[in-house]
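Chemist: Provided herewith is a single structure, encoded as structure tokens, for subsequent inquiry.
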Amino acid sequence: MPEIKRATKHSASTVAKYISGIQVLPEYAEILRVKQGGSKERARIHWEKARLAARDMLGELSQRDRLLLMTGLYWGEGSKGAFDFINGDPYLVRAYIDGLFALGVKKEEIRLNFRIFSDMDKSVITKFWVGFLKFDESQVGWFEVVEGNGKRKLLHGMCRVHVIKGAPYFKLIMSMIDFIKSQSRCRSSMD
């Protein structure tokens, strides 16, 4: 289709309209198959280049990097009334906890609470999060159970990370957010 589009200078929708239902002759089927696979191969190559470029641009994450990431995550997803953070993406939760460690929070100061749907098994959810985050089951607190079917949406529910006696850390992270706001290059005249 891209070749026909280039050759005829017609839009993709016009080309698609005219080629729909056309049977490819057996002698051209292999050529078509190779060309169709080409876009998948190009995509794979582009993804590989992007992964390498990202690794080169970021390098190893420093403590400062982890603090900045955690601060951004808290700014977007954290509770503004208590030092709690909730999300259903296991890798995002792990990155947030890495930032807590960089902030000085001890593992023993963290409790994992869960929001799950009524069709989810508490023991399965606990086993997943505790294993993935490398925490002890004694650090699991409470479950909030929401009526409904959530397995399609959130396979492992949502993990709420709570810091015990987190007020000093909360003040620190909110101050970090304020500092980042003050450094923004896009400040308006109202700031």
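For the structure tokens, the naming scheme is as follows: chains receive sequential letters (A, B, ...) according to their order of presentation, residues are indexed from 1 within each chain, and ligands are indexed from 1 in presentation order.
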May I have a table of the residues of range 21-123 of chain A lying at most 10 Å from range 138-155 of chain A, giving each one's closest pair of atoms and their distance in Å to one decimal, counting only C-alpha atoms, ordered by chain and ascending residue number, as JSON lines?

Modeler:
```
{"residue": "A:Asn87", "atom": "CA", "partner": "A:Leu154", "partner_atom": "CA", "distance": 9.8}
{"residue": "A:Gly88", "atom": "CA", "partner": "A:Leu154", "partner_atom": "CA", "distance": 6.5}
{"residue": "A:Asp89", "atom": "CA", "partner": "A:Leu154", "partner_atom": "CA", "distance": 8.5}
{"residue": "A:Lys107", "atom": "CA", "partner": "A:Gln139", "partner_atom": "CA", "distance": 9.1}
{"residue": "A:Glu108", "atom": "CA", "partner": "A:Gln139", "partner_atom": "CA", "distance": 7.6}
{"residue": "A:Glu109", "atom": "CA", "partner": "A:Gln139", "partner_atom": "CA", "distance": 8.8}
{"residue": "A:Ile110", "atom": "CA", "partner": "A:Gln139", "partner_atom": "CA", "distance": 6.9}
{"residue": "A:Arg111", "atom": "CA", "partner": "A:Gln139", "partner_atom": "CA", "distance": 5.0}
{"residue": "A:Leu112", "atom": "CA", "partner": "A:Val140", "partner_atom": "CA", "distance": 4.8}
{"residue": "A:Asn113", "atom": "CA", "partner": "A:Gly141", "partner_atom": "CA", "distance": 5.0}
{"residue": "A:Phe114", "atom": "CA", "partner": "A:Phe143", "partner_atom": "CA", "distance": 4.8}
{"residue": "A:Arg115", "atom": "CA", "partner": "A:Glu144", "partner_atom": "CA", "distance": 4.6}
{"residue": "A:Ile116", "atom": "CA", "partner": "A:Val145", "partner_atom": "CA", "distance": 5.1}
{"residue": "A:Phe117", "atom": "CA", "partner": "A:Val146", "partner_atom": "CA", "distance": 4.7}
{"residue": "A:Ser118", "atom": "CA", "partner": "A:Glu147", "partner_atom": "CA", "distance": 5.0}
{"residue": "A:Asp119", "atom": "CA", "partner": "A:Asn149", "partner_atom": "CA", "distance": 5.7}
{"residue": "A:Met120", "atom": "CA", "partner": "A:Lys151", "partner_atom": "CA", "distance": 7.1}
{"residue": "A:Lys122", "atom": "CA", "partner": "A:Phe143", "partner_atom": "CA", "distance": 7.9}
```

Chemist: Atoms to include: C-alpha atoms. Write the selected residues as a short mmCIF file (atom, residue, chain, number, x, y, z; two decimals), in the first residue's frame.

Modeler:
```
data_model
loop_
_atom_site.label_atom_id
_atom_site.label_comp_id
_atom_site.auth_asym_id
_atom_site.auth_seq_id
_atom_site.Cartn_x
_atom_site.Cartn_y
_atom_site.Cartn_z
CA ASN A 87 -0.56 2.98 41.40
CA GLY A 88 -1.19 -0.30 39.60
CA ASP A 89 2.00 -0.40 37.50
CA LYS A 107 12.29 -0.38 54.31
CA GLU A 108 10.81 -1.06 57.77
CA GLU A 109 9.01 2.31 57.60
CA ILE A 110 6.99 1.27 54.54
CA ARG A 111 3.60 -0.47 54.52
CA LEU A 112 1.94 -1.85 51.42
CA ASN A 113 -1.83 -1.53 51.26
CA PHE A 114 -3.93 -2.65 48.33
CA ARG A 115 -7.00 -1.55 46.41
CA ILE A 116 -8.50 -4.53 44.62
CA PHE A 117 -11.74 -5.55 42.96
CA SER A 118 -14.08 -8.07 44.58
CA ASP A 119 -13.19 -10.74 42.01
CA MET A 120 -9.51 -10.71 43.02
CA LYS A 122 -6.14 -11.27 48.37
#
```

Chemist: Could you go through range 51-185 of chain A and tell me which residues DSSP, when run on the backbone, assigns to strand (DSSP E), listing them as a PyMOL selection string?

Modeler: chain A and resi 84-87+110-117+140-146+158-163

Chemist: From range 23-114 of chain A, collect each residue whose DSSP state is helix (DSSP H, G or I) and return the set as a PyMOL selection string.

Modeler: chain A and resi 26-58+63-77+90-103+107-109

Chemist: For each of A:Asp178, A:Ala54, A:Glu41, A:Phe101, take the minimum atom-to-atom distance to Arg66 in chain A, counting only C-alpha atoms, then give the residue where this is smallest.

Modeler: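 Using only C-alpha atoms, Arg66 in chain A sits closest to A:Phe101.
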
Chemist: Counting only C-alpha atoms, which residue out of A:Leu32, A:Val130, A:Val161, A:Leu52 sits closest to Tyr96 in chain A?

Modeler: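 Distance minimum relative to Tyr96 in chain A lands on A:Val161.
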
Chemist: Give me the residues within 10 Å of range 103-106 of chain A as number ranges by chain, counting only C-alpha atoms and dropping any in the same chain fewer than 4 places off.

Modeler: A: 63-64, 66-67, 70-71, 97-99, 110, 163-164, 166, 169, 172-173

Chemist: Take the residues that were just selected and, keeping N, CA and C atoms, output them as a short mmCIF file (atom, residue, chain, number, x, y, z; two decimals), in the first residue's frame.

Modeler:
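Contents of again.cif, as written:
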```
data_model
loop_
_atom_site.label_atom_id
_atom_site.label_comp_id
_atom_site.auth_asym_id
_atom_site.auth_seq_id
_atom_site.Cartn_x
_atom_site.Cartn_y
_atom_site.Cartn_z
N GLN A 63 21.51 8.75 42.73
CA GLN A 63 20.57 9.01 43.83
C GLN A 63 19.71 10.23 43.51
N ARG A 64 20.35 11.27 42.96
CA ARG A 64 19.62 12.49 42.59
C ARG A 64 18.55 12.18 41.54
N ARG A 66 17.02 9.36 41.07
CA ARG A 66 15.94 8.62 41.73
C ARG A 66 15.06 9.56 42.55
N LEU A 67 15.68 10.53 43.20
CA LEU A 67 14.91 11.52 43.96
C LEU A 67 14.02 12.35 43.04
N MET A 70 11.15 10.12 41.79
CA MET A 70 10.19 9.89 42.86
C MET A 70 9.37 11.16 43.13
N THR A 71 10.04 12.31 43.11
CA THR A 71 9.33 13.58 43.34
C THR A 71 8.30 13.82 42.25
N ILE A 97 9.51 3.50 45.10
CA ILE A 97 10.13 3.00 46.34
C ILE A 97 11.64 3.19 46.30
N ASP A 98 12.27 3.01 45.14
CA ASP A 98 13.70 3.29 45.02
C ASP A 98 13.99 4.75 45.38
N GLY A 99 13.09 5.64 44.96
CA GLY A 99 13.22 7.06 45.32
C GLY A 99 13.06 7.29 46.81
N ILE A 110 7.95 1.32 55.66
CA ILE A 110 6.99 1.27 54.54
C ILE A 110 5.96 0.17 54.77
N VAL A 163 4.17 5.48 54.14
CA VAL A 163 5.35 5.62 55.00
C VAL A 163 4.86 5.91 56.41
N ILE A 164 5.25 5.05 57.35
CA ILE A 164 4.87 5.22 58.75
C ILE A 164 5.58 6.45 59.30
N GLY A 166 5.40 9.47 58.37
CA GLY A 166 5.99 10.06 57.18
C GLY A 166 5.92 11.58 57.11
N TYR A 169 9.10 13.36 55.95
CA TYR A 169 9.37 13.06 54.54
C TYR A 169 8.36 13.78 53.63
N LEU A 172 9.37 17.27 53.27
CA LEU A 172 10.54 17.35 52.41
C LEU A 172 10.16 17.20 50.94
N ILE A 173 9.33 16.23 50.62
CA ILE A 173 8.97 16.02 49.22
C ILE A 173 8.11 17.17 48.69
#
```

Chemist: Quick one, how far is CA of Trp129 in chain A from CA of Lys80 in chain A?

Modeler: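 Straight-line distance from CA of Trp129 in chain A to CA of Lys80 in chain A works out to 23.9 Å.
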